[in-house]
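In what follows, a single structure is set out as structure tokens and then discussed.
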Amino acid sequence: MPSDIIEIVKKMISIKSLSYHEMELAKYISSLLHAKRIPHVFDKFNPGDYFSAPRADLPITANIYVEVGQGSETLMIYAHTDVVDAKKELFEPIIKDGKIHGRGASDMKSSVAGILYFLLHNYNKIKNSKKKIIFSFIADEETSATGIKRCVEWIKSQNITDLSCILMEPTDDFTKLENGGKGYC
């Protein structure tokens with residue numbers, strides 16, 4: 001199991017997790033959580049079910065949720081697992097001038113890795129928090145946002161009503177907070 005966040009990011013960049021094709025990355029995330037015995041929900045779904053005209057041609061993908069703590073107030077920290085397609089060599093991570101480069105390094109596999117790394121090293125310290133926190137790894141943000149639609153269904157099924165969300169996407173210049181999630185609340 002990788003002990004270093006750089007190794008986790010490099011592995012994630014090397015996984016070509018295009019929209020609707022995030023299953024390999026979801027399985028990798030899940031394997032690291034399993035290795036540390038961190039309970040999580042591996043929520044498989046067909047993204048085609050979330051189109052106005054359903055599509056059966058899309059592969060099954062998955063969201064992952066890790067819940068810690070309890071209470072009626074819930075904070076969800078989430079990142080998406082898909083990337084936009086690119087040349088093959090961009091899926092080969094490199095480190096240059098102290099920075100990691102590769103498809104999805106900033107949007108948003110470094111954030112996925114950061115959340116995952118935090119969980120792998122701090123889960124036992126926070127699992128009994130007096131506030132509920134859900135760490136979510138969401139599929140398909142780059143195209144039709146089916147992953148967050150699925151996540152909203154899951155949140156409703158858990159009877160979570162007092163929810164705040166933080167999207168860990170560094171798309172802007174880091175000077176202000178942004179509202180995100182493609183408008184799905």
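Going through the structure tokens in order, the chains are called A, B, and so on, while each chain numbers its residues from 1 and the ligands are numbered from 1 in the order shown.
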
Which residues of stretch 141-169 of chain A sit at most 12 Å from stretch 21-39 of chain A, using only C-alpha atoms? Give each one's shortest atom pair and distance in Å (one decimal place), in chain and ascending residue order, as CSV.
residue,atom,partner,partner_atom,distance
A:Glu141,CA,A:Glu22,CA,10.8
A:Glu142,CA,A:Glu22,CA,11.6
A:Thr143,CA,A:His21,CA,11.7
A:Gly147,CA,A:Glu22,CA,10.5

Suppose we keep N, CA and C atoms; can you now write the selection as a short mmCIF file (atom, residue, chain, number, x, y, z; two decimals), in the first residue's frame?
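selection_29.cif was written with the following content:
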data_model
loop_
_atom_site.label_atom_id
_atom_site.label_comp_id
_atom_site.auth_asym_id
_atom_site.auth_seq_id
_atom_site.Cartn_x
_atom_site.Cartn_y
_atom_site.Cartn_z
N GLU A 141 -18.23 14.09 -13.23
CA GLU A 141 -18.48 15.52 -13.08
C GLU A 141 -18.26 16.25 -14.40
N GLU A 142 -17.34 15.75 -15.20
CA GLU A 142 -16.89 16.47 -16.39
C GLU A 142 -17.91 16.50 -17.53
N THR A 143 -18.90 15.63 -17.51
CA THR A 143 -19.85 15.60 -18.64
C THR A 143 -21.26 15.96 -18.21
N GLY A 147 -22.95 11.51 -11.37
CA GLY A 147 -22.46 11.07 -10.07
C GLY A 147 -23.04 11.88 -8.92
#

Select, from A:Glu7, A:His80, A:Ala105, A:Glu67, the residue with the minimum atom-to-atom distance to A:Thr146, counting only C-alpha atoms.
-> A:His80

Give the strand (DSSP E) residues of stretch 8-179 of chain A, as DSSP finds them on the backbone, and put them as JSON, numbers by chain.
-> {"A": [41, 42, 43, 44, 45, 61, 62, 63, 64, 65, 66, 67, 68, 73, 74, 75, 76, 77, 78, 79, 80, 94, 95, 96, 99, 100, 101, 132, 133, 134, 135, 136, 137, 138, 162, 163, 164, 165, 166, 167]}

Save the residues we just selected, C-alpha atoms, as a short mmCIF file (atom, residue, chain, number, x, y, z; two decimals), in the first residue's frame?
data_model
loop_
_atom_site.label_atom_id
_atom_site.label_comp_id
_atom_site.auth_asym_id
_atom_site.auth_seq_id
_atom_site.Cartn_x
_atom_site.Cartn_y
_atom_site.Cartn_z
CA VAL A 41 -20.18 2.54 0.66
CA PHE A 42 -19.25 1.44 -2.85
CA ASP A 43 -22.30 2.73 -4.71
CA LYS A 44 -22.42 1.26 -8.22
CA PHE A 45 -24.79 2.82 -10.72
CA THR A 61 -19.47 3.27 -12.54
CA ALA A 62 -19.40 4.03 -8.81
CA ASN A 63 -19.41 6.69 -6.14
CA ILE A 64 -17.74 6.02 -2.80
CA TYR A 65 -18.87 7.45 0.54
CA VAL A 66 -17.03 7.32 3.87
CA GLU A 67 -19.08 8.48 6.86
CA VAL A 68 -17.56 9.47 10.17
CA GLU A 73 -25.41 18.47 11.10
CA THR A 74 -23.43 16.98 8.21
CA LEU A 75 -20.49 18.25 6.23
CA MET A 76 -19.79 16.55 2.91
CA ILE A 77 -16.31 16.95 1.47
CA TYR A 78 -16.21 15.71 -2.08
CA ALA A 79 -14.08 15.38 -5.16
CA HIS A 80 -14.80 13.88 -8.56
CA ILE A 94 5.98 12.98 -14.17
CA ILE A 95 7.47 15.18 -11.50
CA LYS A 96 9.18 18.30 -12.80
CA LYS A 99 5.36 19.58 -9.24
CA ILE A 100 3.45 16.56 -10.47
CA HIS A 101 2.17 16.70 -14.03
CA LYS A 132 -21.05 13.92 10.87
CA ILE A 133 -18.63 14.18 7.96
CA ILE A 134 -19.09 12.38 4.66
CA PHE A 135 -16.06 12.06 2.42
CA SER A 136 -17.34 11.43 -1.10
CA PHE A 137 -15.59 10.36 -4.28
CA ILE A 138 -18.01 11.19 -7.09
CA ASP A 162 -28.84 19.50 7.44
CA LEU A 163 -26.02 19.34 4.90
CA SER A 164 -23.16 21.62 3.91
CA CYS A 165 -20.79 20.68 1.08
CA ILE A 166 -17.24 21.51 0.12
CA LEU A 167 -16.06 20.63 -3.38
#

Give the helix (DSSP H, G or I) residues of chain A, as assigned by DSSP on the backbone, as a ChimeraX atom specification.
-> /A:5-14,23-35,47-50,88-91,105-126,146-157,181-183

Emit the selected residues as an mmCIF file, in the first residue's frame, including C-alpha atoms.
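Saved to result_18.cif:
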data_model
loop_
_atom_site.group_PDB
_atom_site.id
_atom_site.type_symbol
_atom_site.label_atom_id
_atom_site.label_comp_id
_atom_site.auth_asym_id
_atom_site.auth_seq_id
_atom_site.Cartn_x
_atom_site.Cartn_y
_atom_site.Cartn_z
ATOM 1 C CA ILE A 5 0.583 10.912 -1.194
ATOM 2 C CA ILE A 6 2.747 11.433 -4.302
ATOM 3 C CA GLU A 7 2.603 7.702 -5.048
ATOM 4 C CA ILE A 8 -1.189 7.759 -4.675
ATOM 5 C CA VAL A 9 -1.517 10.746 -7.048
ATOM 6 C CA LYS A 10 0.827 9.118 -9.585
ATOM 7 C CA LYS A 11 -1.200 5.895 -9.512
ATOM 8 C CA MET A 12 -4.454 7.843 -9.926
ATOM 9 C CA ILE A 13 -3.093 9.810 -12.902
ATOM 10 C CA SER A 14 -2.046 6.553 -14.553
ATOM 11 C CA MET A 23 -14.665 1.998 -12.145
ATOM 12 C CA GLU A 24 -10.933 1.148 -12.099
ATOM 13 C CA LEU A 25 -10.174 4.276 -10.063
ATOM 14 C CA ALA A 26 -13.126 3.600 -7.745
ATOM 15 C CA LYS A 27 -11.804 0.066 -7.159
ATOM 16 C CA TYR A 28 -8.328 1.458 -6.407
ATOM 17 C CA ILE A 29 -9.748 3.918 -3.851
ATOM 18 C CA SER A 30 -11.847 1.165 -2.313
ATOM 19 C CA SER A 31 -8.839 -1.185 -2.094
ATOM 20 C CA LEU A 32 -6.874 1.398 -0.098
ATOM 21 C CA LEU A 33 -9.834 1.951 2.235
ATOM 22 C CA HIS A 34 -10.266 -1.829 2.656
ATOM 23 C CA ALA A 35 -6.561 -2.223 3.438
ATOM 24 C CA PRO A 47 -24.970 6.810 -15.413
ATOM 25 C CA GLY A 48 -27.358 6.233 -18.317
ATOM 26 C CA ASP A 49 -30.218 6.041 -15.811
ATOM 27 C CA TYR A 50 -29.837 9.776 -15.134
ATOM 28 C CA LYS A 88 -1.874 8.742 -23.940
ATOM 29 C CA GLU A 89 1.362 10.254 -22.621
ATOM 30 C CA LEU A 90 -0.572 12.604 -20.338
ATOM 31 C CA PHE A 91 -1.669 9.559 -18.330
ATOM 32 C CA ALA A 105 -3.259 16.240 -11.594
ATOM 33 C CA SER A 106 -5.068 19.425 -10.580
ATOM 34 C CA ASP A 107 -8.597 18.620 -11.827
ATOM 35 C CA MET A 108 -8.845 16.708 -9.676
ATOM 36 C CA LYS A 109 -6.861 13.660 -8.745
ATOM 37 C CA SER A 110 -4.617 15.549 -6.331
ATOM 38 C CA SER A 111 -7.737 16.495 -4.347
ATOM 39 C CA VAL A 112 -9.062 12.928 -4.498
ATOM 40 C CA ALA A 113 -5.670 11.717 -3.271
ATOM 41 C CA GLY A 114 -5.583 14.382 -0.552
ATOM 42 C CA ILE A 115 -8.956 13.342 0.838
ATOM 43 C CA LEU A 116 -8.028 9.674 0.598
ATOM 44 C CA TYR A 117 -4.617 10.216 2.207
ATOM 45 C CA PHE A 118 -6.255 12.141 5.055
ATOM 46 C CA LEU A 119 -8.693 9.274 5.648
ATOM 47 C CA LEU A 120 -5.988 6.616 5.490
ATOM 48 C CA HIS A 121 -3.954 8.422 8.147
ATOM 49 C CA ASN A 122 -6.658 9.962 10.347
ATOM 50 C CA TYR A 123 -9.797 7.816 10.192
ATOM 51 C CA ASN A 124 -9.383 6.366 13.694
ATOM 52 C CA LYS A 125 -8.889 9.865 15.142
ATOM 53 C CA ILE A 126 -12.095 11.256 13.618
ATOM 54 C CA THR A 146 -24.667 11.862 -13.071
ATOM 55 C CA GLY A 147 -22.459 11.071 -10.066
ATOM 56 C CA ILE A 148 -23.692 14.025 -8.022
ATOM 57 C CA LYS A 149 -27.277 13.248 -9.060
ATOM 58 C CA ARG A 150 -26.755 9.737 -7.713
ATOM 59 C CA CYS A 151 -25.125 11.177 -4.583
ATOM 60 C CA VAL A 152 -28.171 13.378 -3.920
ATOM 61 C CA GLU A 153 -30.355 10.254 -4.079
ATOM 62 C CA TRP A 154 -28.045 8.489 -1.621
ATOM 63 C CA ILE A 155 -28.078 11.494 0.754
ATOM 64 C CA LYS A 156 -31.889 11.501 0.687
ATOM 65 C CA SER A 157 -31.951 7.745 1.368
ATOM 66 C CA GLY A 181 -21.538 20.816 -8.385
ATOM 67 C CA LYS A 182 -22.968 21.954 -11.722
ATOM 68 C CA GLY A 183 -25.974 23.422 -9.938
#
